[in-house]
file final_7.txt (compact mmCIF, C-alpha atoms)
# COMPACT_ATOMS: atom_id res chain seq x y z
CA MET K 1 6.91 24.21 -1.30
CA PRO K 2 9.77 22.75 0.76
CA PRO K 3 9.30 20.13 3.47
CA PRO K 4 8.29 21.55 6.83
CA GLU K 5 11.18 22.61 9.04
CA ASN K 6 11.69 20.23 11.92
CA GLY K 7 9.91 17.46 9.98
CA VAL K 8 10.96 13.91 10.66
CA ALA K 9 11.68 11.18 8.11
CA LEU K 10 10.54 7.92 9.69
CA VAL K 11 11.95 4.70 8.26
CA THR K 12 10.41 1.45 9.44
CA GLY K 13 12.82 -1.45 9.62
CA GLY K 14 15.52 1.17 9.32
CA SER K 15 18.27 -0.46 11.34
CA ARG K 16 19.54 -2.96 8.77
CA GLY K 17 19.60 -3.89 5.11
CA ILE K 18 17.73 -1.68 2.67
CA GLY K 19 16.13 0.29 5.52
CA ALA K 20 19.50 1.24 7.01
CA ALA K 21 20.73 2.43 3.61
CA ILE K 22 17.56 4.51 3.19
CA ALA K 23 17.95 6.01 6.68
CA THR K 24 21.57 6.93 5.93
CA ARG K 25 20.68 8.44 2.57
CA LEU K 26 17.77 10.53 3.89
CA ALA K 27 20.01 11.84 6.69
CA GLU K 28 22.54 12.86 4.00
CA ASP K 29 19.66 14.61 2.21
CA GLY K 30 19.16 16.74 5.33
CA TYR K 31 16.24 15.00 6.97
CA LYS K 32 16.02 14.34 10.67
CA VAL K 33 15.75 10.54 10.45
CA VAL K 34 14.10 8.32 13.03
CA THR K 35 14.15 4.55 12.61
CA LEU K 36 11.43 2.28 13.89
CA GLY K 37 11.93 -1.40 14.58
CA ARG K 38 10.38 -4.25 16.48
CA THR K 39 13.29 -4.47 18.90
CA SER K 40 15.95 -2.25 17.32
CA GLY K 41 15.88 1.28 15.92
CA ASP K 42 15.31 4.63 17.63
CA VAL K 43 11.69 3.80 18.48
CA GLN K 44 10.14 0.35 18.94
CA ALA K 45 6.78 -0.90 17.74
CA ASP K 46 5.05 -3.98 16.46
CA ILE K 47 3.93 -2.43 13.19
CA GLY K 48 1.27 -5.10 12.69
CA ASP K 49 -0.50 -3.77 15.78
CA ALA K 50 -2.44 -0.52 15.37
CA ALA K 51 -2.18 0.52 19.03
CA SER K 52 1.55 -0.13 19.13
CA VAL K 53 2.04 1.98 16.00
CA GLN K 54 -0.03 4.80 17.41
CA ALA K 55 2.00 4.83 20.64
CA ALA K 56 5.28 4.83 18.70
CA PHE K 57 4.17 7.65 16.41
CA ASP K 58 3.06 9.70 19.43
CA THR K 59 6.55 9.19 20.89
CA VAL K 60 8.26 10.24 17.65
CA ARG K 61 6.08 13.35 17.42
CA LYS K 62 6.75 14.31 21.03
CA ASP K 63 10.49 13.64 21.02
CA HIS K 64 11.48 14.56 17.46
CA GLY K 65 8.70 16.47 15.68
CA PRO K 66 5.95 15.90 13.11
CA ILE K 67 6.43 13.17 10.50
CA CYS K 68 6.77 14.56 6.98
CA VAL K 69 8.39 11.54 5.30
CA LEU K 70 7.42 7.93 5.88
CA VAL K 71 9.25 4.99 4.35
CA ASN K 72 7.32 1.76 4.88
CA ASN K 73 10.24 -0.60 4.62
CA ALA K 74 9.80 -3.09 7.46
CA GLY K 75 9.24 -6.54 6.09
CA GLU K 76 9.23 -10.17 6.98
CA ARG K 77 9.61 -13.34 4.91
CA ARG K 78 8.32 -16.81 5.73
CA ASP K 79 8.71 -18.70 2.48
CA GLY K 80 7.01 -21.95 1.59
CA LEU K 81 4.91 -23.45 -1.16
CA THR K 82 1.29 -22.39 -0.85
CA ILE K 83 0.09 -25.98 -0.58
CA ARG K 84 2.11 -26.42 2.61
CA MET K 85 1.98 -22.88 3.99
CA SER K 86 0.47 -22.54 7.46
CA ALA K 87 -2.21 -19.96 8.07
CA GLU K 88 0.12 -18.51 10.69
CA ASP K 89 2.91 -17.91 8.16
CA TRP K 90 0.47 -16.34 5.72
CA GLU K 91 -1.04 -14.06 8.33
CA ALA K 92 2.24 -13.02 9.94
CA VAL K 93 3.76 -11.93 6.63
CA VAL K 94 0.65 -10.09 5.43
CA ASN K 95 0.32 -8.47 8.84
CA THR K 96 3.86 -7.12 8.97
CA ASN K 97 4.26 -6.14 5.33
CA LEU K 98 0.81 -4.91 4.36
CA ASN K 99 -1.15 -4.16 7.53
CA GLY K 100 1.97 -2.55 9.00
CA ALA K 101 2.25 -0.21 6.02
CA PHE K 102 -1.40 0.73 6.44
CA HIS K 103 -1.11 1.40 10.19
CA CYS K 104 1.98 3.58 9.73
CA THR K 105 0.54 5.42 6.72
CA ARG K 106 -2.66 6.18 8.57
CA ARG K 107 -0.77 7.72 11.49
CA ALA K 108 1.72 9.65 9.36
CA LEU K 109 -1.05 11.21 7.27
CA ASP K 110 -2.28 13.12 10.33
CA ASP K 111 0.93 15.16 10.42
CA MET K 112 1.28 15.41 6.65
CA LEU K 113 -2.24 16.70 6.19
CA LYS K 114 -1.66 19.35 8.81
CA ALA K 115 1.56 20.42 7.09
CA ARG K 116 0.08 20.01 3.60
CA TRP K 117 3.34 18.35 2.68
CA GLY K 118 4.26 14.71 2.81
CA ARG K 119 6.18 11.94 1.11
CA ILE K 120 5.33 8.29 1.58
CA VAL K 121 7.43 5.62 -0.06
CA ASN K 122 6.39 2.00 0.18
CA VAL K 123 9.17 -0.51 -0.24
CA SER K 124 7.40 -3.27 -2.13
CA SER K 125 9.22 -5.95 -4.11
CA VAL K 126 9.75 -7.31 -7.58
CA VAL K 127 7.70 -10.33 -6.48
CA ALA K 128 4.61 -8.08 -6.41
CA LEU K 129 4.87 -7.97 -10.21
CA HIS K 130 6.78 -11.12 -11.09
CA ALA K 131 5.64 -14.13 -9.06
CA ASN K 132 8.17 -16.18 -7.18
CA PRO K 133 7.15 -19.71 -6.13
CA GLY K 134 7.34 -20.06 -2.38
CA GLN K 135 6.43 -16.45 -1.69
CA SER K 136 2.65 -16.29 -2.10
CA ASN K 137 2.29 -14.57 1.27
CA TYR K 138 5.12 -12.10 0.66
CA GLY K 139 4.09 -11.46 -2.95
CA ALA K 140 0.44 -10.90 -2.05
CA ALA K 141 1.38 -8.49 0.72
CA LYS K 142 3.82 -6.60 -1.51
CA ALA K 143 1.25 -6.42 -4.34
CA GLY K 144 -1.26 -5.12 -1.81
CA MET K 145 1.20 -2.37 -0.95
CA LEU K 146 1.15 -1.23 -4.58
CA SER K 147 -2.62 -0.82 -4.50
CA LEU K 148 -2.38 0.97 -1.15
CA THR K 149 0.21 3.25 -2.74
CA ARG K 150 -1.98 4.23 -5.67
CA THR K 151 -5.10 4.71 -3.56
CA VAL K 152 -3.38 6.95 -1.01
CA ALA K 153 -1.80 8.90 -3.88
CA ARG K 154 -5.21 9.65 -5.36
CA GLU K 155 -6.77 10.46 -1.99
CA MET K 156 -4.08 12.89 -0.89
CA ALA K 157 -2.80 14.33 -4.18
CA ARG K 158 -4.29 17.78 -3.80
CA LYS K 159 -2.94 18.16 -0.28
CA GLY K 160 0.71 18.22 -1.32
CA ILE K 161 1.25 14.61 -0.27
CA THR K 162 2.73 11.99 -2.57
CA CYS K 163 2.71 8.23 -2.13
CA ASN K 164 4.94 6.09 -4.34
CA ALA K 165 6.47 2.64 -4.26
CA VAL K 166 9.76 1.08 -5.17
CA THR K 167 10.03 -2.57 -6.17
CA PRO K 168 13.54 -3.78 -5.35
CA GLY K 169 14.72 -6.91 -7.08
CA VAL K 170 17.47 -9.12 -5.70
CA ILE K 171 19.27 -6.88 -3.23
CA GLU K 172 22.27 -8.02 -1.23
CA THR K 173 21.16 -7.96 2.42
CA ASP K 174 21.16 -10.43 5.28
CA MET K 175 17.47 -11.09 4.55
CA THR K 176 18.37 -12.53 1.14
CA THR K 177 21.70 -14.30 1.75
CA ASP K 178 20.01 -17.71 1.45
CA VAL K 179 18.50 -17.05 -1.98
CA VAL K 180 20.81 -14.59 -3.76
CA ASP K 181 22.78 -17.14 -5.78
CA LYS K 182 19.65 -18.89 -7.02
CA LEU K 183 17.93 -15.65 -8.01
CA VAL K 184 20.75 -13.77 -9.68
CA ALA K 185 20.44 -15.96 -12.78
CA GLY K 186 17.07 -14.34 -13.44
CA VAL K 187 18.39 -10.78 -13.30
CA PRO K 188 19.03 -9.28 -16.75
CA ALA K 189 21.61 -6.93 -15.23
CA GLY K 190 23.59 -10.04 -14.28
CA ARG K 191 24.29 -8.93 -10.74
CA VAL K 192 22.57 -8.32 -7.44
CA GLY K 193 21.60 -4.80 -6.43
CA GLN K 194 22.98 -2.92 -3.47
CA PRO K 195 20.84 -1.39 -0.70
CA GLU K 196 22.27 2.03 -1.61
CA GLU K 197 20.76 1.72 -5.10
CA VAL K 198 17.29 1.33 -3.57
CA ALA K 199 18.02 4.22 -1.19
CA HIS K 200 18.88 6.43 -4.16
CA ALA K 201 15.45 5.81 -5.71
CA VAL K 202 13.71 6.46 -2.38
CA SER K 203 15.69 9.67 -1.98
CA PHE K 204 14.44 10.86 -5.37
CA LEU K 205 10.80 10.06 -4.50
CA CYS K 206 11.16 12.01 -1.24
CA SER K 207 12.70 15.04 -2.96
CA GLU K 208 10.94 18.30 -3.70
CA GLY K 209 11.61 17.71 -7.38
CA ALA K 210 9.41 14.61 -7.28
CA ALA K 211 6.33 16.58 -6.20
CA TYR K 212 4.46 15.58 -9.38
CA VAL K 213 5.48 11.91 -9.23
CA ASN K 214 2.55 10.37 -7.41
CA GLY K 215 1.13 6.86 -7.31
CA ALA K 216 4.13 5.54 -9.24
CA THR K 217 5.96 2.26 -8.88
CA LEU K 218 9.66 2.60 -9.51
CA ALA K 219 11.43 -0.67 -10.28
CA VAL K 220 14.94 -1.03 -8.83
CA ASP K 221 15.56 -4.51 -10.08
CA GLY K 222 18.14 -4.61 -12.86
CA ALA K 223 15.25 -5.11 -15.35
CA MET K 224 14.08 -8.28 -13.60
CA ALA K 225 10.36 -7.49 -13.99
CA ALA K 226 10.68 -5.68 -17.32
CA MET V 1 -14.36 26.50 28.56
CA ALA V 2 -17.26 28.70 27.45
CA VAL V 3 -17.53 28.93 23.71
CA THR V 4 -19.93 31.02 21.66
CA ARG V 5 -21.53 30.00 18.37
CA ASP V 6 -19.78 32.93 16.70
CA GLU V 7 -16.37 31.70 17.88
CA VAL V 8 -17.01 28.26 16.42
CA LEU V 9 -18.28 29.80 13.17
CA GLU V 10 -15.14 31.94 12.92
CA LYS V 11 -12.93 28.89 13.46
CA ILE V 12 -14.83 27.00 10.76
CA ARG V 13 -14.39 29.95 8.38
CA ASP V 14 -10.65 30.08 9.19
CA GLU V 15 -10.25 26.40 8.41
CA LEU V 16 -12.37 26.56 5.25
CA GLU V 17 -10.16 29.43 4.16
CA SER V 18 -6.99 27.47 4.80
CA ILE V 19 -8.33 24.52 2.80
CA LYS V 20 -9.00 27.00 0.02
CA VAL V 21 -12.79 26.90 -0.05
CA PRO V 22 -13.96 29.85 -2.17
CA ASN V 23 -15.86 32.52 -0.20
CA ALA V 24 -14.94 30.79 3.07
CA ARG V 25 -15.33 34.05 5.01
CA GLU V 26 -18.96 34.36 3.93
CA ALA V 27 -19.91 30.82 5.02
CA THR V 28 -23.07 30.79 7.13
CA PRO V 29 -24.63 28.13 9.38
CA ASP V 30 -27.15 27.40 6.61
CA ASN V 31 -24.46 26.40 4.14
CA THR V 32 -24.15 22.67 3.52
CA TRP V 33 -20.82 21.04 2.69
CA SER V 34 -22.16 20.49 -0.78
CA ASP V 35 -22.92 24.27 -1.15
CA LEU V 36 -19.31 24.96 -0.16
CA ASP V 37 -17.84 22.16 -2.27
CA VAL V 38 -16.29 20.63 0.85
CA ASP V 39 -15.48 16.95 0.27
CA SER V 40 -14.77 14.14 2.73
CA LEU V 41 -11.04 14.88 2.93
CA ASP V 42 -11.70 18.59 3.54
CA LEU V 43 -14.05 17.53 6.30
CA VAL V 44 -11.31 15.46 7.93
CA GLU V 45 -9.16 18.58 8.07
CA LEU V 46 -12.00 20.67 9.44
CA VAL V 47 -12.73 18.11 12.16
CA LYS V 48 -9.06 18.01 13.18
CA ALA V 49 -8.98 21.80 13.43
CA LEU V 50 -12.09 21.86 15.60
CA GLU V 51 -10.74 19.07 17.79
CA ASP V 52 -7.46 20.91 18.33
CA GLU V 53 -9.04 24.32 18.89
CA PHE V 54 -11.76 23.25 21.30
CA ALA V 55 -10.08 20.23 22.93
CA ILE V 56 -12.83 17.83 21.88
CA THR V 57 -12.94 14.47 20.12
CA ILE V 58 -15.36 14.08 17.25
CA SER V 59 -16.19 10.43 16.57
CA ASP V 60 -17.12 9.08 13.16
CA ASP V 61 -20.62 8.39 14.46
CA ASP V 62 -21.00 12.00 15.58
CA LEU V 63 -19.72 13.22 12.26
CA LYS V 64 -21.93 11.14 9.97
CA PRO V 65 -25.14 13.21 10.21
CA ILE V 66 -23.27 16.55 10.04
CA GLU V 67 -23.99 18.05 6.67
CA SER V 68 -23.85 21.79 7.27
CA VAL V 69 -21.86 24.50 9.00
CA GLY V 70 -24.71 24.98 11.49
CA ALA V 71 -24.78 21.28 12.39
CA ALA V 72 -20.99 21.35 12.91
CA ILE V 73 -21.40 24.33 15.25
CA ASP V 74 -24.15 22.50 17.20
CA LEU V 75 -21.99 19.39 17.52
CA THR V 76 -18.94 21.35 18.65
CA MET V 77 -20.97 23.27 21.25
CA ARG V 78 -22.47 20.03 22.58
CA LEU V 79 -19.08 18.28 22.84
CA VAL V 80 -17.48 21.29 24.53
CA GLU V 81 -20.33 21.40 27.03
CA GLU V 82 -20.11 17.66 27.71
CA GLY V 83 -16.37 17.94 28.26
CA ALA V 84 -16.61 20.94 30.58
CA PRO V 85 -16.25 20.23 34.32
CA ALA V 86 -19.62 20.31 36.10
call {"tool": "encode", "arguments": {"input": "final_7.txt", "output": "structure tokens"}}
result
Amino acid sequence: MPPPENGVALVTGGSRGIGAAIATRLAEDGYKVVTLGRTSGDVQADIGDAASVQAAFDTVRKDHGPICVLVNNAGERRDGLTIRMSAEDWEAVVNTNLNGAFHCTRRALDDMLKARWGRIVNVSSVVALHANPGQSNYGAAKAGMLSLTRTVAREMARKGITCNAVTPGVIETDMTTDVVDKLVAGVPAGRVGQPEEVAHAVSFLCSEGAAYVNGATLAVDGAMAA
Amino acid sequence: MAVTRDEVLEKIRDELESIKVPNAREATPDNTWSDLDVDSLDLVELVKALEDEFAITISDDDLKPIESVGAAIDLTMRLVEEGAPA
């Protein structure tokens, strides 16, 4: 069964970095792409806030059509050793990365269930699998996304909806410029990844051919977590 | 909006059919969800269909005690009546 005609691919955090590459790639794949950002993007929302997400999704539905693909990509980093991490930094990162993915997933499932077709891809991180000192908040949130991924996959599997995750490693974006040099030494591939390489994996998971790939975590990390 | 019990029953049968419940067209008010092999996710779809068709909102609290087709019809009729202008 093909994706519903007129269906929208919504990419959170889709105006820069990995999200922008995913938005570009899904548009090339033929999807009507809408990007959602806190202040940028086609539609604005604070994804950590359930009411804000609901309002934004209502706008997308009204202006562009039902959501058939959701890429939970929006993320935030506030690094620091756990012993010195403020509760505020913990909560903000978990709220944006994990709670935000939940709020968006919950809203997108309404349309997907109606269409009996849907693709959700959660952009997690290599740090969900391979701990990185200084990122307990980010790693916990990204690991939480993997459990969310598998649970939603099991819940929705017989309704034609898949939910998968990608775990990018060290990807060259403006969110990682400060740490790339330090981290590249730990990448077996010996180089950083490009946003387009993550977008390629997301494109596959959103494709019709990936209908039986469900609840999977696809590493895009140059073998970093292998 | 005046709605009859038969109209609600027909809508429930339509939705059960579209969620591929066997013998959906023969469902009666006496049938429980368990008789029909309707699980919690199927019920979510059924509730959405009833909400859209009859312009009502079914809360989780309203839904909890609903275990049969007949109870779903009663609930829908009540919510339609409550929502109708006096």
call {"tool": "residues_around", "arguments": {"input": "final_7.txt", "residues": "Pro29 of chain V", "least_positions_apart": "2", "cutoff": "6 Å", "atoms": "all atoms listed in the file", "output": "PDB file with C-alpha atoms, in the frame of the given file"}}
result
ATOM      1  CA  ASN V  31     -24.460  26.400   4.140  1.00  0.00           C
ATOM      2  CA  VAL V  69     -21.860  24.500   9.000  1.00  0.00           C
ATOM      3  CA  GLY V  70     -24.710  24.980  11.490  1.00  0.00           C
TER       4      GLY V  70
END
call {"tool": "residues_around", "arguments": {"input": "final_7.txt", "residues": "Asp110 of chain K", "least_positions_apart": "6", "cutoff": "10 Å", "atoms": "all atoms listed in the file", "output": "MDAnalysis selection string"}}
result
(chainID K and resid 66:68 116) or (chainID V and resid 44:45 48)
call {"tool": "residues_around", "arguments": {"input": "final_7.txt", "residues": "segment 84-101 of chain K", "least_positions_apart": "2", "cutoff": "6 Å", "atoms": "only C-alpha atoms", "output": "PyMOL selection string"}}
result
chain K and resi 47-48+72+75-76+80-82+103-105+137+141+145
call {"tool": "closest_atom_pairs", "arguments": {"input": "final_7.txt", "of": "chain K", "to": "chain V", "cutoff": "8 Å", "atoms": "only C-alpha atoms", "output": "tab-separated table"}}
result
residue	atom	partner	partner_atom	distance
K:Leu113	CA	V:Glu45	CA	7.4
K:Lys114	CA	V:Glu45	CA	7.6
K:Glu155	CA	V:Leu41	CA	7.9
call {"tool": "residues_around", "arguments": {"input": "final_7.txt", "residues": "segment 59-62 of chain V", "least_positions_apart": "6", "cutoff": "12 Å", "atoms": "only C-alpha atoms", "output": "list in words"}}
result
Ser40, Leu43, Val44, Val47, Lys48, Glu51, Ala71, Ala72, Asp74, Leu75, Thr76, Arg78 and Leu79 of chain V
call {"tool": "residues_near_point", "arguments": {"input": "final_7.txt", "point": "(11.2, 8.8, 8.1)", "cutoff": "7 Å", "atoms": "only C-alpha atoms", "output": "list of chain:residue names"}}
result
K:Val8, K:Ala9, K:Leu10, K:Val11, K:Val33, K:Val34, K:Thr35, K:Ile67, K:Val69, K:Leu70, K:Val71
call {"tool": "axis_aligned_box", "arguments": {"input": "final_7.txt", "around": "segment 45-59 of chain K", "padding_each_side": "5 Å", "output": "JSON"}}
result
{"center_x": 2.2, "center_y": 2.3, "center_z": 16.8, "size_x": 19.2, "size_y": 24.8, "size_z": 18.2}
call {"tool": "atom_distance", "arguments": {"input": "final_7.txt", "atom1": "atom CA of Trp33 of chain V", "atom2": "atom CA of Ile58 of chain V"}}
result
17.0 Å
call {"tool": "closest_residue", "arguments": {"input": "final_7.txt", "among": "K:Lys62, K:Lys182, K:Arg158, K:Arg191", "to": "Tyr212 of chain K", "atoms": "only C-alpha atoms"}}
result
K:Arg158
call {"tool": "atom_distance", "arguments": {"input": "final_7.txt", "atom1": "atom CA of Gly13 of chain K", "atom2": "atom CA of Asn73 of chain K"}}
result
5.7 Å
call {"tool": "closest_residue", "arguments": {"input": "final_7.txt", "among": "V:Ala2, V:Leu9, V:Ala84, V:Met77", "to": "Asp30 of chain V", "atoms": "all atoms listed in the file"}}
result
V:Leu9
call {"tool": "atom_distance", "arguments": {"input": "final_7.txt", "atom1": "atom CA of Ser34 of chain V", "atom2": "atom CA of Arg154 of chain K"}}
result
20.6 Å
call {"tool": "residues_around", "arguments": {"input": "final_7.txt", "residues": "Cys206 of chain K", "least_positions_apart": "5", "cutoff": "8 Å", "atoms": "only C-alpha atoms", "output": "PyMOL selection string"}}
result
chain K and resi 69+119-121
call {"tool": "write_last_selection", "arguments": {"input": "final_7.txt", "atoms": "C-alpha atoms", "output": "PDB file, in the frame of the given file"}}
result
ATOM      1  CA  VAL K  69       8.390  11.540   5.300  1.00  0.00           C
ATOM      2  CA  ARG K 119       6.180  11.940   1.110  1.00  0.00           C
ATOM      3  CA  ILE K 120       5.330   8.290   1.580  1.00  0.00           C
ATOM      4  CA  VAL K 121       7.430   5.620  -0.060  1.00  0.00           C
TER       5      VAL K 121
END
call {"tool": "closest_residue", "arguments": {"input": "final_7.txt", "among": "V:Asp14, V:Glu82, V:Glu7, V:Glu67", "to": "Glu26 of chain V", "atoms": "only C-alpha atoms"}}
result
V:Asp14
call {"tool": "closest_residue", "arguments": {"input": "final_7.txt", "among": "K:Gly30, K:Ala201, K:Gly37, K:Ala165", "to": "Ser15 of chain K", "atoms": "all atoms listed in the file"}}
result
K:Gly37
